[in-house]
>>> print(open('run-v2.txt').read())   # compact mmCIF, C-alpha atoms and all ligand atoms
# COMPACT_ATOMS: atom_id res chain seq x y z
CA MET K 1 -9.67 9.98 -44.73
CA THR K 2 -9.72 11.05 -41.06
CA ILE K 3 -9.86 8.36 -38.40
CA ARG K 4 -11.42 9.32 -35.09
CA SER K 5 -11.73 7.32 -31.85
CA VAL K 6 -15.45 7.17 -31.13
CA LEU K 7 -16.78 6.39 -27.65
CA THR K 8 -19.39 3.66 -28.13
CA GLY K 9 -19.98 2.41 -24.58
CA THR K 10 -19.19 3.02 -20.91
CA GLY K 11 -19.37 0.93 -17.75
CA SER K 12 -18.38 1.09 -14.12
CA ALA K 13 -18.06 -1.04 -11.01
CA LEU K 14 -17.89 -0.39 -7.27
CA PRO K 15 -17.01 -2.67 -4.35
CA LYS K 16 -19.95 -4.02 -2.33
CA ARG K 17 -19.08 -2.20 0.90
CA ALA K 18 -20.07 1.48 1.24
CA VAL K 19 -18.32 3.38 4.05
CA SER K 20 -19.89 6.61 5.37
CA ASN K 21 -18.09 9.54 6.97
CA ALA K 22 -19.65 8.50 10.29
CA GLU K 23 -17.91 5.13 9.98
CA MET K 24 -14.60 6.88 9.14
CA ALA K 25 -15.00 8.95 12.32
CA GLN K 26 -14.96 5.70 14.31
CA MET K 27 -11.54 4.83 12.83
CA VAL K 28 -9.66 8.19 12.97
CA ASP K 29 -10.06 11.60 14.64
CA THR K 30 -12.35 13.20 12.07
CA SER K 31 -16.00 14.16 11.60
CA ASP K 32 -18.68 14.13 8.93
CA GLU K 33 -18.76 17.96 9.15
CA TRP K 34 -15.01 18.35 8.46
CA ILE K 35 -14.99 15.90 5.54
CA VAL K 36 -18.11 17.37 3.88
CA GLU K 37 -17.04 20.99 4.35
CA ARG K 38 -13.43 20.53 3.14
CA THR K 39 -14.00 17.96 0.37
CA GLY K 40 -17.70 17.37 -0.42
CA ILE K 41 -17.20 13.63 0.27
CA ARG K 42 -20.05 11.81 2.06
CA ASN K 43 -19.37 8.19 1.12
CA ARG K 44 -16.76 5.90 -0.42
CA TYR K 45 -16.63 2.21 -1.41
CA ILE K 46 -13.92 -0.05 -0.01
CA ALA K 47 -12.88 -3.33 -1.64
CA GLY K 48 -13.34 -6.46 0.44
CA GLU K 49 -11.95 -9.95 0.20
CA GLY K 50 -11.91 -11.21 -3.40
CA GLU K 51 -12.41 -7.70 -4.81
CA THR K 52 -9.27 -6.50 -6.61
CA THR K 53 -8.35 -3.92 -9.22
CA SER K 54 -8.71 -6.56 -11.96
CA THR K 55 -12.11 -7.85 -10.77
CA LEU K 56 -13.52 -4.30 -10.62
CA ALA K 57 -11.93 -3.47 -14.00
CA THR K 58 -13.35 -6.61 -15.60
CA GLU K 59 -16.87 -5.86 -14.33
CA ALA K 60 -16.67 -2.27 -15.63
CA ALA K 61 -15.30 -3.50 -18.99
CA ARG K 62 -18.09 -6.07 -19.38
CA LYS K 63 -20.73 -3.37 -18.79
CA ALA K 64 -19.01 -1.05 -21.30
CA LEU K 65 -18.97 -3.85 -23.92
CA ILE K 66 -22.70 -4.50 -23.37
CA ALA K 67 -23.42 -0.76 -23.73
CA ALA K 68 -21.39 -0.72 -26.98
CA GLY K 69 -23.12 -3.87 -28.24
CA LEU K 70 -19.69 -5.38 -28.87
CA ASP K 71 -18.39 -8.89 -28.34
CA ALA K 72 -15.22 -8.97 -26.20
CA ALA K 73 -13.48 -10.98 -28.94
CA LYS K 74 -13.48 -7.84 -31.12
CA ILE K 75 -11.28 -5.91 -28.65
CA ASP K 76 -7.67 -5.71 -29.89
CA LEU K 77 -6.33 -3.15 -27.39
CA ILE K 78 -6.70 -2.77 -23.62
CA VAL K 79 -5.07 0.18 -21.88
CA LEU K 80 -5.62 0.11 -18.13
CA ALA K 81 -4.70 3.01 -15.86
CA THR K 82 -3.94 2.13 -12.26
CA ALA K 83 -1.59 2.91 -9.38
CA THR K 84 -2.79 -0.18 -7.51
CA PRO K 85 -2.22 -3.14 -9.83
CA ASP K 86 -3.11 -6.67 -8.66
CA GLN K 87 0.61 -7.51 -8.79
CA THR K 88 3.79 -5.62 -9.69
CA PHE K 89 3.60 -7.63 -12.90
CA PRO K 90 2.01 -8.90 -15.11
CA ALA K 91 0.08 -5.79 -16.10
CA THR K 92 -3.46 -5.82 -14.72
CA ALA K 93 -4.63 -5.21 -18.32
CA THR K 94 -3.48 -8.72 -19.23
CA ILE K 95 -5.45 -10.22 -16.32
CA VAL K 96 -8.55 -8.35 -17.52
CA GLN K 97 -7.90 -9.45 -21.11
CA HIS K 98 -7.82 -13.09 -20.06
CA ALA K 99 -10.95 -12.72 -17.88
CA LEU K 100 -12.80 -11.20 -20.85
CA GLY K 101 -11.51 -13.93 -23.19
CA CYS K 102 -10.04 -11.62 -25.84
CA ASN K 103 -6.45 -12.90 -25.66
CA GLY K 104 -3.99 -12.05 -28.44
CA GLY K 105 -4.34 -8.27 -28.84
CA ILE K 106 -2.37 -5.52 -27.12
CA ALA K 107 -2.78 -5.10 -23.34
CA PHE K 108 -0.75 -2.95 -20.96
CA ASP K 109 -1.04 -0.67 -17.91
CA VAL K 110 -0.41 3.06 -17.70
CA SER K 111 0.83 4.70 -14.49
CA ALA K 112 -0.12 8.35 -14.06
CA VAL K 113 -2.11 8.04 -10.81
CA CYS K 114 -5.20 10.29 -10.79
CA SER K 115 -4.51 11.45 -14.39
CA GLY K 116 -4.07 7.82 -15.46
CA PHE K 117 -7.36 7.58 -17.34
CA LEU K 118 -6.57 10.71 -19.38
CA TYR K 119 -3.12 9.31 -20.21
CA ALA K 120 -4.64 5.91 -21.13
CA LEU K 121 -7.24 7.60 -23.31
CA GLY K 122 -4.54 9.65 -25.09
CA VAL K 123 -2.42 6.55 -25.76
CA ALA K 124 -5.37 4.46 -26.97
CA ASP K 125 -6.63 7.31 -29.20
CA SER K 126 -3.17 7.65 -30.81
CA MET K 127 -2.96 3.89 -31.41
CA LEU K 128 -6.43 3.76 -32.97
CA ARG K 129 -5.77 6.75 -35.22
CA THR K 130 -2.46 5.28 -36.46
CA GLY K 131 -4.12 1.94 -37.25
CA MET K 132 -2.34 -0.19 -34.61
CA ALA K 133 -5.74 -1.32 -33.31
CA LYS K 134 -9.42 -1.00 -34.20
CA ARG K 135 -11.40 -1.41 -30.97
CA ALA K 136 -10.08 -0.51 -27.54
CA LEU K 137 -11.10 -0.82 -23.95
CA VAL K 138 -9.72 2.06 -21.89
CA ILE K 139 -10.06 1.39 -18.18
CA GLY K 140 -9.31 3.28 -14.97
CA ALA K 141 -9.37 0.96 -11.94
CA GLU K 142 -8.09 1.25 -8.39
CA THR K 143 -8.10 -0.36 -4.97
CA PHE K 144 -6.51 2.68 -3.31
CA SER K 145 -7.76 1.51 0.09
CA ARG K 146 -4.93 -1.05 0.02
CA ILE K 147 -2.22 1.67 -0.07
CA LEU K 148 -3.82 4.02 2.48
CA ASP K 149 -2.38 4.61 5.93
CA TRP K 150 -5.55 4.01 7.96
CA ASP K 151 -4.02 5.94 10.90
CA ASP K 152 -3.47 9.10 8.80
CA ARG K 153 -6.66 11.17 8.87
CA THR K 154 -5.26 13.65 6.33
CA THR K 155 -5.38 11.01 3.57
CA CYS K 156 -7.50 7.99 4.54
CA VAL K 157 -10.81 9.88 4.53
CA LEU K 158 -10.26 11.12 0.96
CA PHE K 159 -10.00 7.99 -1.17
CA GLY K 160 -12.16 5.08 -2.34
CA ASP K 161 -12.07 2.10 -4.70
CA GLY K 162 -13.78 1.51 -8.04
CA ALA K 163 -13.41 1.16 -11.80
CA GLY K 164 -14.70 2.74 -14.98
CA ALA K 165 -14.26 1.69 -18.60
CA VAL K 166 -14.99 3.01 -22.07
CA VAL K 167 -15.04 1.31 -25.47
CA LEU K 168 -13.37 3.30 -28.24
CA GLU K 169 -13.80 2.31 -31.89
CA ALA K 170 -11.77 3.67 -34.84
CA ARG K 171 -14.19 5.15 -37.37
CA ASP K 172 -13.77 7.10 -40.63
CA SER K 173 -14.87 10.59 -39.66
CA ASP K 174 -14.59 13.04 -42.51
CA GLU K 175 -17.64 15.08 -41.53
CA ALA K 176 -16.85 18.07 -39.33
CA ASP K 177 -19.49 17.20 -36.72
CA ALA K 178 -18.59 13.48 -36.53
CA PRO K 179 -18.34 12.09 -32.97
CA GLY K 180 -15.04 11.14 -31.36
CA ILE K 181 -12.07 12.46 -29.43
CA LEU K 182 -11.30 15.93 -30.79
CA ALA K 183 -8.20 16.91 -28.79
CA THR K 184 -6.15 15.74 -25.82
CA ARG K 185 -3.39 17.54 -23.91
CA LEU K 186 -1.21 15.80 -21.31
CA HIS K 187 1.48 17.19 -19.00
CA ALA K 188 3.83 16.15 -16.21
CA ASP K 189 6.16 18.01 -13.86
CA GLY K 190 8.32 15.67 -11.79
CA ALA K 191 9.57 18.55 -9.61
CA HIS K 192 6.48 18.10 -7.45
CA ALA K 193 6.75 14.34 -6.87
CA CYS K 194 7.34 14.98 -3.14
CA LEU K 195 3.88 16.52 -2.65
CA LEU K 196 1.91 13.37 -3.51
CA TYR K 197 3.58 9.97 -3.54
CA VAL K 198 3.72 6.47 -2.09
CA ASP K 199 6.55 5.84 0.39
CA GLY K 200 7.51 2.44 -1.00
CA GLY K 201 8.02 0.43 -4.15
CA PRO K 202 9.63 -2.74 -5.53
CA SER K 203 12.95 -1.06 -6.39
CA THR K 204 13.38 1.06 -3.26
CA THR K 205 11.88 -0.49 -0.14
CA GLY K 206 10.68 -3.76 -1.60
CA THR K 207 7.27 -2.96 -0.11
CA VAL K 208 4.07 -1.53 -1.55
CA GLY K 209 4.16 1.64 0.59
CA LYS K 210 1.44 4.05 1.69
CA VAL K 211 0.01 7.26 0.18
CA ARG K 212 1.51 10.53 1.46
CA MET K 213 0.16 13.93 0.45
CA LYS K 214 0.67 17.60 1.23
CA GLY K 215 -2.96 18.36 0.46
CA ARG K 216 -2.93 22.14 0.61
CA GLU K 217 -0.05 22.47 -1.89
CA VAL K 218 -1.59 19.87 -4.22
CA PHE K 219 -4.86 21.82 -4.11
CA ARG K 220 -3.15 25.05 -5.20
CA HIS K 221 -1.34 23.43 -8.15
CA ALA K 222 -4.46 21.50 -9.19
CA VAL K 223 -6.64 24.57 -9.74
CA THR K 224 -3.95 26.39 -11.80
CA ASN K 225 -2.87 23.37 -13.88
CA LEU K 226 -6.43 22.26 -14.64
CA ALA K 227 -7.58 25.72 -15.73
CA ASP K 228 -4.47 26.01 -17.99
CA VAL K 229 -4.90 22.61 -19.66
CA LEU K 230 -8.63 23.18 -20.22
CA ARG K 231 -7.78 26.44 -22.01
CA GLU K 232 -5.19 24.59 -24.16
CA VAL K 233 -7.76 22.03 -25.33
CA LEU K 234 -10.29 24.78 -26.08
CA ASP K 235 -7.61 26.63 -28.11
CA ASP K 236 -6.72 23.42 -30.00
CA THR K 237 -10.34 22.94 -31.04
CA GLY K 238 -11.22 26.62 -31.52
CA LEU K 239 -14.13 26.24 -29.10
CA THR K 240 -15.16 28.49 -26.24
CA ALA K 241 -16.15 27.37 -22.74
CA ASP K 242 -19.84 28.08 -23.42
CA GLN K 243 -19.81 25.45 -26.22
CA ILE K 244 -18.98 22.69 -23.71
CA ASP K 245 -22.06 20.74 -22.60
CA TRP K 246 -20.46 18.86 -19.71
CA VAL K 247 -17.20 18.83 -17.79
CA VAL K 248 -16.34 15.46 -16.27
CA PRO K 249 -13.46 16.17 -13.87
CA HIS K 250 -11.29 14.01 -11.69
CA GLN K 251 -13.20 13.79 -8.42
CA ALA K 252 -10.69 14.78 -5.73
CA ASN K 253 -12.43 17.61 -3.95
CA ALA K 254 -15.67 19.51 -4.66
CA ARG K 255 -13.86 22.77 -3.87
CA ILE K 256 -11.27 22.12 -6.63
CA LEU K 257 -14.11 21.47 -9.09
CA ASP K 258 -15.84 24.72 -8.10
CA ALA K 259 -12.64 26.78 -8.25
CA THR K 260 -11.64 25.39 -11.68
CA ALA K 261 -15.14 25.97 -13.12
CA ARG K 262 -15.12 29.55 -11.79
CA LYS K 263 -11.72 30.28 -13.42
CA LEU K 264 -13.18 29.32 -16.81
CA ASP K 265 -16.63 30.86 -16.27
CA LEU K 266 -18.21 27.41 -16.54
CA PRO K 267 -21.61 27.22 -14.82
CA PRO K 268 -21.46 24.72 -11.91
CA GLU K 269 -24.52 22.85 -13.26
CA LYS K 270 -22.39 21.72 -16.25
CA VAL K 271 -19.89 19.96 -13.96
CA VAL K 272 -20.55 16.28 -13.22
CA ILE K 273 -19.91 15.62 -9.52
CA THR K 274 -19.70 12.16 -7.99
CA VAL K 275 -17.04 12.85 -5.34
CA ASP K 276 -19.83 12.97 -2.73
CA GLN K 277 -20.64 9.28 -3.35
CA HIS K 278 -17.33 7.75 -4.56
CA ALA K 279 -14.65 9.97 -2.92
CA ASN K 280 -11.35 10.14 -4.82
CA THR K 281 -10.93 6.88 -6.78
CA SER K 282 -7.76 8.08 -8.56
CA ALA K 283 -7.62 6.74 -12.16
CA ALA K 284 -11.17 5.37 -11.87
CA SER K 285 -12.83 8.66 -11.02
CA VAL K 286 -13.23 10.20 -14.50
CA PRO K 287 -14.68 7.08 -16.20
CA LEU K 288 -16.88 6.39 -13.14
CA ALA K 289 -18.32 9.92 -13.33
CA LEU K 290 -18.65 9.71 -17.13
CA ASP K 291 -20.56 6.43 -16.92
CA THR K 292 -22.81 7.86 -14.18
CA ALA K 293 -23.77 10.90 -16.29
CA ILE K 294 -24.29 8.84 -19.47
CA ARG K 295 -26.47 6.25 -17.70
CA ASP K 296 -28.62 8.86 -15.91
CA GLY K 297 -29.24 10.57 -19.27
CA ARG K 298 -27.45 13.88 -18.66
CA ILE K 299 -24.83 13.25 -21.36
CA GLN K 300 -26.49 12.66 -24.74
CA PRO K 301 -25.21 11.83 -28.25
CA GLY K 302 -23.80 14.98 -29.88
CA HIS K 303 -22.80 16.57 -26.56
CA MET K 304 -19.35 18.11 -26.16
CA VAL K 305 -17.77 16.60 -23.06
CA MET K 306 -14.53 17.77 -21.48
CA LEU K 307 -12.63 15.29 -19.32
CA GLU K 308 -9.87 16.56 -17.02
CA ALA K 309 -7.62 15.26 -14.25
CA MET K 310 -4.61 16.09 -12.11
CA GLY K 311 -2.62 13.80 -9.85
CA GLY K 312 0.65 12.51 -8.45
CA GLY K 313 3.80 13.21 -10.41
CA PHE K 314 2.43 15.82 -10.93
CA THR K 315 0.58 14.68 -14.01
CA TRP K 316 -2.43 16.41 -15.53
CA GLY K 317 -4.43 16.49 -18.72
CA ALA K 318 -7.71 17.14 -20.50
CA SER K 319 -9.56 15.66 -23.44
CA LEU K 320 -12.53 16.92 -25.44
CA ILE K 321 -14.95 14.34 -26.86
CA ARG K 322 -18.03 14.70 -29.02
CA ILE K 323 -20.27 11.84 -27.86
O1 LIG R 1 -6.24 13.18 -6.50
C1 LIG R 1 -5.01 13.82 -6.63
C2 LIG R 1 -5.12 15.21 -6.33
N1 LIG R 1 -5.42 15.40 -4.93
C3 LIG R 1 -6.01 16.48 -4.59
O2 LIG R 1 -6.36 17.25 -5.46
C4 LIG R 1 -6.20 16.80 -3.12
C5 LIG R 1 -6.01 18.27 -2.94
N2 LIG R 1 -6.13 18.75 -1.57
C6 LIG R 1 -7.31 18.76 -0.91
O3 LIG R 1 -8.31 18.30 -1.39
C7 LIG R 1 -7.33 19.46 0.45
O4 LIG R 1 -6.13 20.16 0.64
C8 LIG R 1 -7.56 18.47 1.63
C9 LIG R 1 -8.98 18.00 1.61
C10 LIG R 1 -6.59 17.31 1.53
C11 LIG R 1 -7.33 19.19 2.97
O5 LIG R 1 -8.15 20.35 3.06
P1 LIG R 1 -7.53 21.74 3.53
O6 LIG R 1 -8.64 22.71 3.60
O7 LIG R 1 -6.39 22.06 2.57
O8 LIG R 1 -7.04 21.43 4.97
P2 LIG R 1 -5.55 21.47 5.58
O9 LIG R 1 -4.71 20.39 5.03
O10 LIG R 1 -5.07 22.87 5.46
O11 LIG R 1 -5.86 21.14 7.10
C12 LIG R 1 -6.66 22.02 7.91
C13 LIG R 1 -6.81 21.42 9.30
C14 LIG R 1 -5.50 20.99 9.92
O12 LIG R 1 -5.53 21.31 11.27
P3 LIG R 1 -4.70 22.60 11.82
O13 LIG R 1 -3.27 22.34 11.46
O14 LIG R 1 -5.30 23.77 11.10
O15 LIG R 1 -5.00 22.57 13.29
C15 LIG R 1 -5.51 19.48 9.78
O16 LIG R 1 -4.76 18.83 10.75
O17 LIG R 1 -7.62 20.26 9.25
C16 LIG R 1 -6.98 19.17 9.92
N3 LIG R 1 -7.36 17.91 9.30
C17 LIG R 1 -8.46 17.23 9.67
N4 LIG R 1 -9.39 17.45 10.60
C18 LIG R 1 -10.40 16.56 10.71
C19 LIG R 1 -6.75 17.27 8.28
N5 LIG R 1 -7.44 16.15 7.97
C20 LIG R 1 -8.49 16.10 8.82
C21 LIG R 1 -9.56 15.20 9.00
N6 LIG R 1 -10.47 15.46 9.93
N7 LIG R 1 -9.70 14.09 8.21
>>> encode(input="run-v2.txt", output="structure tokens")
Amino acid sequence: MTIRSVLTGTGSALPKRAVSNAEMAQMVDTSDEWIVERTGIRNRYIAGEGETTSTLATEAARKALIAAGLDAAKIDLIVLATATPDQTFPATATIVQHALGCNGGIAFDVSAVCSGFLYALGVADSMLRTGMAKRALVIGAETFSRILDWDDRTTCVLFGDGAGAVVLEARDSDEADAPGILATRLHADGAHACLLYVDGGPSTTGTVGKVRMKGREVFRHAVTNLADVLREVLDDTGLTADQIDWVVPHQANARILDATARKLDLPPEKVVITVDQHANTSAASVPLALDTAIRDGRIQPGHMVMLEAMGGGFTWGASLIRI
């Protein structure tokens, strides 16, 4: 008997306040033209008072449970990816668990920054396939605005806040074309930690710190690493790029998405793009984009969907799912 983790519902949540590039240009020396041309970003959402990583995560999780037709009490595993937890501890996953009222199962956070959702998905998939749990919520949620240096135009225009969630259910899947996660590959290379990091932390400065990034170098590594990991997942599954219906990438920069798709000969119309509306929401970006494309009807049951992300660490990964 083969157990597969089947995606049965998705949900997402955004803060109330939308912030345009024009508004950003009133805060720092930038322009709508520069941001659109270099990144594709036109808008981002910024959390206000009372909106936290856990409140956004809980809203996204509730919507995913409704889409799956599942009562929260049935969830026995929550894996939440974030670099901006409500508190250093407890894990934000436990706060979400309590808010949903499904106390007693497993709940923990995963820290892999922009690749966090891919890491969380890989961990949850492994736990479902080994029988440690039956029904999981995998969440990516961030309030990155709270760790941005609002005087640094090279970073503050790039990021936004939000959350996305998926429900995964362990199902017997002996048929070859059964839905579920087919393959996941994850990587990290700590040699590049200095290119994208936060300049604080509980054990070093005793402060939360702010995001620092050498954007151009990150860009270069991102295109190479993402193309390589996508090829690995295709090799694992014996599929070719033309058999992929949709690519749902981490939404950091429209130019990275174009360059990666070109390297693999993937037509741009197969790439789901939300960076224009959400900006870079770190661990939330892949599930936010996935939920968007499922709800607007682009992604349909039976479709082959490739998720991919790259972020601080560096960390990167990809996962192929039959919906
Ligand atoms: O999510 C994790 C992964 N993160 C990423 O993948 C981000 C990857 N990197 C990028 O997306 C791009 O490198 C950026 C969007 C961050 C920057 O784009 P770029 O084309 O690499 O620009 P650059 O850093 O080479 O900067 C070009 C110029 C500089 O001016 P000089 O030195 O040429 O005079 C910057 O000072 O643009 C200037 N600049 C800005 N100008 C207006 C930098 N930020 C801004 C800004 N507004 N916000």
>>> residues_around(input="run-v2.txt", residues="Leu168 (chain K)", least_positions_apart="2", cutoff="6 Å", atoms="all atoms listed in the file", output="PyMOL selection string")
chain K and resi 5-7+135-136
>>> write_last_selection(input="run-v2.txt", atoms="C-alpha atoms", output="PDB file, keeping the file's coordinate frame")
ATOM      1  CA  SER K   5     -11.730   7.320 -31.850  1.00  0.00           C
ATOM      2  CA  VAL K   6     -15.450   7.170 -31.130  1.00  0.00           C
ATOM      3  CA  LEU K   7     -16.780   6.390 -27.650  1.00  0.00           C
ATOM      4  CA  ARG K 135     -11.400  -1.410 -30.970  1.00  0.00           C
ATOM      5  CA  ALA K 136     -10.080  -0.510 -27.540  1.00  0.00           C
TER       6      ALA K 136
END
>>> atom_distance(input="run-v2.txt", atom1="CA of Glu217 (chain K)", atom2="atom C11 of ligand LIG 1 (chain R)")
9.3 Å
>>> residues_near_ligand(input="run-v2.txt", ligand="ligand LIG 1 (chain R)", cutoff="6 Å", atoms="all atoms listed in the file", output="ChimeraX atom specification")
/K:30-31,34,38-39,114,153-154,157,215-216,218-219,222,252-253,282,310-311
>>> closest_residue(input="run-v2.txt", among="K:Asp245, K:Ala18, K:Ile273, K:Val229", to="Gln300 (chain K)", atoms="all atoms listed in the file")
K:Asp245
>>> residues_around(input="run-v2.txt", residues="Thr240 (chain K)", least_positions_apart="5", cutoff="12 Å", atoms="only C-alpha atoms", output="PyMOL selection string")
chain K and resi 230-235+245+264-266+304+306+320
>>> closest_residue(input="run-v2.txt", among="K:Gly160, K:Gly40, K:Gly180, K:Pro85", to="Gly302 (chain K)", atoms="all atoms listed in the file")
K:Gly180
>>> build_atoms(input="run-v2.txt", residues="region 207-219 of chain K", atoms="N, CA and C atoms", output="mmCIF file, in the frame of the given file")
data_model
loop_
_atom_site.group_PDB
_atom_site.id
_atom_site.type_symbol
_atom_site.label_atom_id
_atom_site.label_comp_id
_atom_site.auth_asym_id
_atom_site.auth_seq_id
_atom_site.Cartn_x
_atom_site.Cartn_y
_atom_site.Cartn_z
ATOM 1 N N THR K 207 8.635 -2.875 -0.671
ATOM 2 C CA THR K 207 7.270 -2.960 -0.110
ATOM 3 C C THR K 207 6.334 -2.148 -1.002
ATOM 4 N N VAL K 208 5.036 -2.276 -0.738
ATOM 5 C CA VAL K 208 4.070 -1.530 -1.550
ATOM 6 C C VAL K 208 4.030 -0.063 -1.159
ATOM 7 N N GLY K 209 4.170 0.257 0.116
ATOM 8 C CA GLY K 209 4.160 1.640 0.590
ATOM 9 C C GLY K 209 2.757 2.179 0.806
ATOM 10 N N LYS K 210 2.715 3.384 1.372
ATOM 11 C CA LYS K 210 1.440 4.050 1.690
ATOM 12 C C LYS K 210 1.413 5.446 1.057
ATOM 13 N N VAL K 211 0.186 5.936 0.798
ATOM 14 C CA VAL K 211 0.010 7.260 0.180
ATOM 15 C C VAL K 211 0.400 8.359 1.163
ATOM 16 N N ARG K 212 1.172 9.336 0.675
ATOM 17 C CA ARG K 212 1.510 10.530 1.460
ATOM 18 C C ARG K 212 1.180 11.756 0.622
ATOM 19 N N MET K 213 0.556 12.751 1.234
ATOM 20 C CA MET K 213 0.160 13.930 0.450
ATOM 21 C C MET K 213 0.212 15.198 1.277
ATOM 22 N N LYS K 214 0.768 16.255 0.657
ATOM 23 C CA LYS K 214 0.670 17.600 1.230
ATOM 24 C C LYS K 214 -0.519 18.260 0.536
ATOM 25 N N GLY K 215 -1.696 18.028 1.123
ATOM 26 C CA GLY K 215 -2.960 18.360 0.460
ATOM 27 C C GLY K 215 -3.099 19.800 0.030
ATOM 28 N N ARG K 216 -2.704 20.722 0.921
ATOM 29 C CA ARG K 216 -2.930 22.140 0.610
ATOM 30 C C ARG K 216 -2.153 22.568 -0.631
ATOM 31 N N GLU K 217 -0.871 22.110 -0.707
ATOM 32 C CA GLU K 217 -0.050 22.470 -1.890
ATOM 33 C C GLU K 217 -0.593 21.832 -3.161
ATOM 34 N N VAL K 218 -1.035 20.557 -3.042
ATOM 35 C CA VAL K 218 -1.590 19.870 -4.220
ATOM 36 C C VAL K 218 -2.814 20.642 -4.720
ATOM 37 N N PHE K 219 -3.648 21.070 -3.788
ATOM 38 C CA PHE K 219 -4.860 21.820 -4.110
ATOM 39 C C PHE K 219 -4.526 23.045 -4.972
#
